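As provided, my_file-v2.txt (compact mmCIF, C-alpha atoms) reads as follows.
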```txt
# COMPACT_ATOMS: atom_id res chain seq x y z
CA MET A 1 -17.65 -6.96 -13.57
CA SER A 2 -20.29 -4.45 -14.61
CA SER A 3 -18.98 -1.02 -15.54
CA SER A 4 -22.20 0.60 -14.31
CA ALA A 5 -22.02 -0.92 -10.85
CA PRO A 6 -18.38 -1.39 -9.82
CA LEU A 7 -17.54 -3.52 -6.83
CA VAL A 8 -16.63 -0.99 -4.15
CA PRO A 9 -16.95 -1.10 -0.36
CA PRO A 10 -19.49 0.97 1.57
CA VAL A 11 -18.30 4.44 2.50
CA PRO A 12 -17.15 4.86 6.13
CA ALA A 13 -19.21 6.93 8.53
CA ASN A 14 -16.52 9.49 9.37
CA ALA A 15 -15.08 12.51 7.51
CA THR A 16 -16.73 14.41 4.67
CA LEU A 17 -18.73 12.72 1.94
CA THR A 18 -16.01 13.46 -0.59
CA THR A 19 -13.29 11.99 1.63
CA ARG A 20 -15.39 8.95 2.38
CA VAL A 21 -16.01 8.22 -1.29
CA HIS A 22 -12.35 8.90 -2.13
CA ASP A 23 -11.13 6.45 0.52
CA ALA A 24 -13.60 3.74 -0.49
CA LEU A 25 -12.68 3.98 -4.17
CA GLU A 26 -8.96 4.19 -3.43
CA GLN A 27 -9.17 0.99 -1.41
CA ALA A 28 -11.09 -0.76 -4.20
CA ILE A 29 -8.43 0.30 -6.73
CA ILE A 30 -5.55 -0.83 -4.53
CA THR A 31 -7.05 -4.26 -3.88
CA GLY A 32 -8.05 -4.78 -7.52
CA ASP A 33 -11.81 -4.77 -6.95
CA LEU A 34 -11.73 -1.92 -9.45
CA GLU A 35 -9.41 -3.17 -12.16
CA PRO A 36 -6.90 -1.14 -14.21
CA GLY A 37 -8.66 0.36 -17.20
CA GLU A 38 -12.12 -0.11 -15.72
CA ARG A 39 -14.49 2.79 -16.22
CA ILE A 40 -16.05 4.45 -13.18
CA HIS A 41 -19.45 6.08 -13.63
CA ALA A 42 -20.15 8.93 -11.24
CA ASP A 43 -23.93 8.68 -11.65
CA ALA A 44 -23.96 4.96 -10.86
CA LEU A 45 -21.81 5.52 -7.78
CA ALA A 46 -24.01 8.34 -6.56
CA ALA A 47 -27.05 6.09 -6.88
CA GLN A 48 -25.25 3.21 -5.18
CA TYR A 49 -24.20 5.39 -2.24
CA GLY A 50 -27.49 7.27 -2.08
CA MET A 51 -25.93 10.72 -2.41
CA SER A 52 -25.71 13.54 -4.92
CA ARG A 53 -23.21 13.47 -7.77
CA ILE A 54 -21.22 16.42 -6.38
CA PRO A 55 -19.20 14.59 -3.67
CA VAL A 56 -18.66 11.66 -6.04
CA ARG A 57 -17.28 13.91 -8.76
CA GLU A 58 -15.11 15.75 -6.24
CA ALA A 59 -13.77 12.40 -5.01
CA LEU A 60 -12.97 11.34 -8.58
CA ARG A 61 -11.09 14.59 -9.13
CA SER A 62 -9.06 14.03 -5.96
CA LEU A 63 -8.32 10.47 -7.07
CA HIS A 64 -7.13 11.86 -10.39
CA GLU A 65 -4.83 14.33 -8.62
CA ALA A 66 -3.47 11.48 -6.47
CA GLY A 67 -2.73 9.41 -9.58
CA TRP A 68 -5.30 6.65 -9.07
CA VAL A 69 -7.60 7.39 -12.02
CA ASP A 70 -7.37 9.04 -15.43
CA ILE A 71 -10.01 11.58 -16.47
CA LYS A 72 -10.26 12.36 -20.16
CA PRO A 73 -12.90 14.45 -21.97
CA ARG A 74 -15.42 12.29 -23.83
CA HIS A 75 -13.78 9.14 -22.45
CA GLY A 76 -14.81 9.43 -18.82
CA VAL A 77 -13.01 8.20 -15.72
CA HIS A 78 -10.89 5.05 -15.81
CA VAL A 79 -8.72 3.31 -13.22
CA ARG A 80 -5.07 3.92 -14.05
CA GLU A 81 -3.07 1.16 -15.68
CA ARG A 82 -0.12 -0.62 -14.09
CA THR A 83 3.18 -0.21 -15.92
CA PRO A 84 6.52 -2.03 -15.65
CA GLN A 85 8.40 1.27 -15.53
CA GLU A 86 6.46 2.63 -12.57
CA LEU A 87 6.79 -0.68 -10.75
CA ASP A 88 10.57 -0.68 -11.20
CA GLU A 89 10.96 2.93 -10.12
CA LEU A 90 8.54 2.51 -7.23
CA PHE A 91 10.29 -0.46 -5.67
CA GLU A 92 13.72 1.01 -6.39
CA PHE A 93 12.85 4.11 -4.37
CA ARG A 94 10.90 2.21 -1.73
CA ALA A 95 13.93 -0.02 -1.09
CA VAL A 96 15.97 3.07 -0.21
CA VAL A 97 13.24 4.48 2.05
CA GLU A 98 12.54 1.22 3.91
CA GLY A 99 16.26 0.63 4.31
CA LEU A 100 16.68 4.03 5.92
CA ILE A 101 13.73 3.41 8.21
CA ALA A 102 15.26 0.12 9.36
CA ARG A 103 18.61 1.85 9.94
CA TRP A 104 17.08 4.59 12.07
CA ALA A 105 14.84 2.15 13.90
CA ALA A 106 17.94 0.18 14.91
CA THR A 107 19.55 3.27 16.44
CA ARG A 108 16.45 4.91 17.92
CA ARG A 109 14.20 2.08 19.04
CA THR A 110 13.04 1.67 22.63
CA ALA A 111 12.06 -1.43 24.57
CA GLN A 112 8.43 -0.56 23.88
CA ASP A 113 9.17 -0.42 20.15
CA LEU A 114 10.65 -3.90 20.29
CA ASP A 115 7.57 -5.20 22.09
CA LEU A 116 5.33 -3.74 19.39
CA LEU A 117 7.47 -5.10 16.55
CA GLU A 118 7.45 -8.57 18.09
CA ALA A 119 3.66 -8.40 18.55
CA CYS A 120 3.22 -7.35 14.91
CA LEU A 121 5.45 -10.17 13.73
CA LEU A 122 3.46 -12.69 15.75
CA SER A 123 0.21 -11.29 14.36
CA SER A 124 1.59 -11.55 10.82
CA LYS A 125 2.42 -15.21 11.32
CA GLU A 126 -1.10 -15.91 12.54
CA ALA A 127 -2.70 -14.01 9.65
CA VAL A 128 -0.25 -14.93 6.90
CA THR A 129 -3.01 -15.85 4.44
CA LYS A 130 -4.72 -12.47 4.79
CA PRO A 131 -3.93 -9.56 2.46
CA THR A 132 -1.45 -6.95 3.75
CA SER A 133 -0.77 -9.08 6.84
CA GLY A 134 2.72 -7.57 7.06
CA SER A 135 1.62 -3.93 7.05
CA GLY A 136 1.56 -3.67 10.83
CA PHE A 137 5.23 -4.55 11.05
CA TYR A 138 6.19 -1.73 8.68
CA ALA A 139 4.03 0.73 10.61
CA ALA A 140 5.76 -0.27 13.86
CA LEU A 141 9.16 0.07 12.19
CA ARG A 142 8.25 3.60 11.05
CA ALA A 143 7.28 4.51 14.58
CA ALA A 144 10.61 3.22 15.89
CA ALA A 145 12.52 5.30 13.32
CA ARG A 146 11.01 8.49 14.79
CA ASN A 147 10.80 10.69 11.72
CA LEU A 148 7.32 11.77 10.69
CA VAL A 149 8.31 12.96 7.22
CA LEU A 150 10.00 9.68 6.41
CA ALA A 151 7.07 7.75 7.89
CA ALA A 152 4.57 9.59 5.68
CA THR A 153 6.69 8.92 2.61
CA SER A 154 6.97 5.25 3.49
CA ALA A 155 3.22 4.88 4.07
CA ALA A 156 2.42 6.49 0.72
CA LEU A 157 4.89 4.24 -1.08
CA GLU A 158 3.50 1.15 0.63
CA LYS A 159 0.00 2.08 -0.52
CA ARG A 160 1.21 2.52 -4.10
CA ALA A 161 3.13 -0.77 -3.91
CA ARG A 162 -0.01 -2.57 -2.77
CA PHE A 163 -1.65 -1.46 -6.03
CA TYR A 164 0.88 -3.71 -7.74
CA PHE A 165 1.29 -6.66 -5.41
CA SER A 166 -2.21 -7.04 -3.90
CA THR A 167 -3.52 -9.14 -6.79
CA VAL A 168 -0.49 -11.49 -6.80
CA GLU A 169 0.24 -11.48 -3.07
CA HIS A 170 -0.88 -15.08 -2.65
CA GLU A 171 1.78 -16.15 -5.19
CA LEU A 172 4.70 -14.47 -3.42
CA GLY A 173 5.09 -17.11 -0.71
CA GLU A 174 5.93 -16.51 2.94
CA ASP A 175 9.63 -15.64 2.74
CA TRP A 176 8.84 -12.10 3.85
CA LEU A 177 8.09 -13.44 7.33
CA HIS A 178 11.67 -14.62 7.66
CA VAL A 179 12.90 -11.26 6.39
CA HIS A 180 10.89 -9.47 9.06
CA GLU A 181 12.41 -11.75 11.68
CA THR A 182 15.87 -10.90 10.36
CA VAL A 183 15.20 -7.15 10.35
CA LEU A 184 13.80 -7.33 13.87
CA ALA A 185 16.88 -9.21 15.07
CA HIS A 186 19.15 -6.51 13.64
CA VAL A 187 17.00 -3.75 15.13
CA ARG A 188 17.11 -5.51 18.49
CA ASP A 189 20.91 -5.73 18.26
CA ARG A 190 21.12 -2.07 17.14
CA ASP A 191 22.97 -3.21 14.02
CA ALA A 192 21.91 -0.32 11.78
CA GLU A 193 23.92 -1.36 8.72
CA ALA A 194 22.62 -4.93 8.70
CA ALA A 195 19.04 -3.81 9.31
CA GLU A 196 19.20 -1.38 6.39
CA ALA A 197 20.74 -3.96 4.06
CA ALA A 198 18.13 -6.61 4.90
CA ALA A 199 15.18 -4.25 4.42
CA HIS A 200 16.61 -2.80 1.20
CA ARG A 201 17.28 -6.22 -0.30
CA HIS A 202 13.82 -7.50 0.63
CA ILE A 203 11.99 -4.65 -1.08
CA GLU A 204 14.13 -4.97 -4.21
CA ASP A 205 13.53 -8.73 -4.36
CA THR A 206 9.80 -8.25 -3.85
CA GLY A 207 9.67 -5.75 -6.72
CA LYS A 208 11.41 -8.21 -9.05
CA ALA A 209 9.06 -11.01 -8.03
CA VAL A 210 5.95 -8.86 -8.55
CA ALA A 211 7.24 -7.68 -11.95
CA ALA A 212 7.75 -11.29 -13.04
CA LEU A 213 4.22 -12.24 -11.99
CA LEU A 214 2.48 -9.21 -13.51
CA PHE A 215 4.41 -8.55 -16.69
CA ASP A 216 6.60 -11.51 -17.67
```
Any chance you could give the structure as C-alpha cells?
Amino acid sequence: MSSSAPLVPPVPANATLTTRVHDALEQAIITGDLEPGERIHADALAAQYGMSRIPVREALRSLHEAGWVDIKPRHGVHVRERTPQELDELFEFRAVVEGLIARWAATRRTAQDLDLLEACLLSSKEAVTKPTSGSGFYAALRAAARNLVLAATSAALEKRARFYFSTVEHELGEDWLHVHETVLAHVRDRDAEAAEAAAHRHIEDTGKAVAALLFD
C-alpha cells in the first residue's frame, strides 16, 4: 500500500467537508484499509479528494482527538496501533454494556421491537459472509432497551471493537448467529437475567477469540 495514496473511500456528499473526510478516514481505519502504523499524508489526501488542505488537516485533528490517529511533530500522522491491553479492556467493558442493553431490552421491548430484531437476525443469516453483518441486530437491541445514553455508549464501543475484529472477522466462524438467536429468545420471553448473561458471555468470548487471532 502506498503511503502517499492510501486506500480510502470517496467522501460522502452530506455534512461539512471536514466531517466528510473524518468519516471516510475513520471507516478506512476501522476496516483496515488504512493499517495500524500507516502514515497519512494530508497533501496527498487533499489532492485525491480535490479540496484544500484545511478540511483534511481539521479532519486529521478530529481523528486524533477521537483516538484513531497519532500526530507527532516531525513524524507526521499515523494510524494508531492495536494493543492487547486496549482490546482486553474494551471487550471487558463492552460485555457489561451489551449485557445491560440485553437486560433492559428484555423488560422494555414491544411487539414491534421483536419484529425488528427477528428481521435483523434473518438479514444477518442471509449476509453472514459480509463484514459487520450482525450490526443491525445490536442496533435493534439498543432501540428496544430505550436508553439513549446507553445506546450511544454501545455504538461507540462497537465501532472501536470493529477496529480490532474487522480484519479477522472471517476467522471467527458463525457461532454469533446462534448467540443472537439465544438472546432474542430470552428477550422474547422477558427473561432479563438470561438475556444479560448470554450477551455478556458472547462479548467476552469474542474478545478472547480476537485476541488469540491478533496477538497470540
Within 9 Å of (17.5, -6.0, 5.5), all atoms listed in the file: residues as a PyMOL selection string?
chain A and resi 98-99+102+179-180+182-183+186+193-203
Atoms kept (C-alpha atoms) for selection, written as a PDB file, in the coordinates of the input:
```
ATOM      1  CA  GLU A  98      12.540   1.220   3.910  1.00  0.00           C
ATOM      2  CA  GLY A  99      16.260   0.630   4.310  1.00  0.00           C
ATOM      3  CA  ALA A 102      15.260   0.120   9.360  1.00  0.00           C
ATOM      4  CA  VAL A 179      12.900 -11.260   6.390  1.00  0.00           C
ATOM      5  CA  HIS A 180      10.890  -9.470   9.060  1.00  0.00           C
ATOM      6  CA  THR A 182      15.870 -10.900  10.360  1.00  0.00           C
ATOM      7  CA  VAL A 183      15.200  -7.150  10.350  1.00  0.00           C
ATOM      8  CA  HIS A 186      19.150  -6.510  13.640  1.00  0.00           C
ATOM      9  CA  GLU A 193      23.920  -1.360   8.720  1.00  0.00           C
ATOM     10  CA  ALA A 194      22.620  -4.930   8.700  1.00  0.00           C
ATOM     11  CA  ALA A 195      19.040  -3.810   9.310  1.00  0.00           C
ATOM     12  CA  GLU A 196      19.200  -1.380   6.390  1.00  0.00           C
ATOM     13  CA  ALA A 197      20.740  -3.960   4.060  1.00  0.00           C
ATOM     14  CA  ALA A 198      18.130  -6.610   4.900  1.00  0.00           C
ATOM     15  CA  ALA A 199      15.180  -4.250   4.420  1.00  0.00           C
ATOM     16  CA  HIS A 200      16.610  -2.800   1.200  1.00  0.00           C
ATOM     17  CA  ARG A 201      17.280  -6.220  -0.300  1.00  0.00           C
ATOM     18  CA  HIS A 202      13.820  -7.500   0.630  1.00  0.00           C
ATOM     19  CA  ILE A 203      11.990  -4.650  -1.080  1.00  0.00           C
TER      20      ILE A 203
END
```
Spatial neighbours of A:Arg57, max dist 10 Å, all atoms listed in the file, sep filter under 2 positions, as a VMD selection string
chain A and resid 18 21 to 22 41 to 43 45 to 46 52 to 55 59 to 63 77
With C-alpha atoms retained, export the selected residues as a PDB file, keeping the file's coordinate frame.
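Final output, saved to result.pdb:
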```pdb
ATOM      1  CA  THR A  18     -16.010  13.460  -0.590  1.00  0.00           C
ATOM      2  CA  VAL A  21     -16.010   8.220  -1.290  1.00  0.00           C
ATOM      3  CA  HIS A  22     -12.350   8.900  -2.130  1.00  0.00           C
ATOM      4  CA  HIS A  41     -19.450   6.080 -13.630  1.00  0.00           C
ATOM      5  CA  ALA A  42     -20.150   8.930 -11.240  1.00  0.00           C
ATOM      6  CA  ASP A  43     -23.930   8.680 -11.650  1.00  0.00           C
ATOM      7  CA  LEU A  45     -21.810   5.520  -7.780  1.00  0.00           C
ATOM      8  CA  ALA A  46     -24.010   8.340  -6.560  1.00  0.00           C
ATOM      9  CA  SER A  52     -25.710  13.540  -4.920  1.00  0.00           C
ATOM     10  CA  ARG A  53     -23.210  13.470  -7.770  1.00  0.00           C
ATOM     11  CA  ILE A  54     -21.220  16.420  -6.380  1.00  0.00           C
ATOM     12  CA  PRO A  55     -19.200  14.590  -3.670  1.00  0.00           C
ATOM     13  CA  ALA A  59     -13.770  12.400  -5.010  1.00  0.00           C
ATOM     14  CA  LEU A  60     -12.970  11.340  -8.580  1.00  0.00           C
ATOM     15  CA  ARG A  61     -11.090  14.590  -9.130  1.00  0.00           C
ATOM     16  CA  SER A  62      -9.060  14.030  -5.960  1.00  0.00           C
ATOM     17  CA  LEU A  63      -8.320  10.470  -7.070  1.00  0.00           C
ATOM     18  CA  VAL A  77     -13.010   8.200 -15.720  1.00  0.00           C
TER      19      VAL A  77
END
```
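With only C-alpha atoms as the atoms that count, the residue of A:Val168, A:Ala105, A:Ile71, A:Leu34 with the shortest distance to A:Ala139 is A:Ala105.
Shell of A:Phe91 at 9 Å, with all atoms listed in the file counted and residues fewer than 4 places along the chain excluded, is Glu86, Leu87, Ala95, Val96, Leu157, Ala161, Ile203, Glu204, Asp205, Thr206, Gly207 and Lys208 of chain A.
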In the coordinates of the file, take the point (-11.5, 1.8, -16.9) and a cut-off of 10 Å; then, counting all atoms listed in the file, name each qualifying protein, DNA or RNA residue as an NGL selection string.
:A and (3 or 34-41 or 69-71 or 75-81)
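Computed from the coordinates, the atom CA of A:Ser124 to atom CA of A:Ala212 distance equals 24.6 Å.
Going from atom CA of A:Asp23 over to atom CA of A:Phe165, you cover 19.0 Å.
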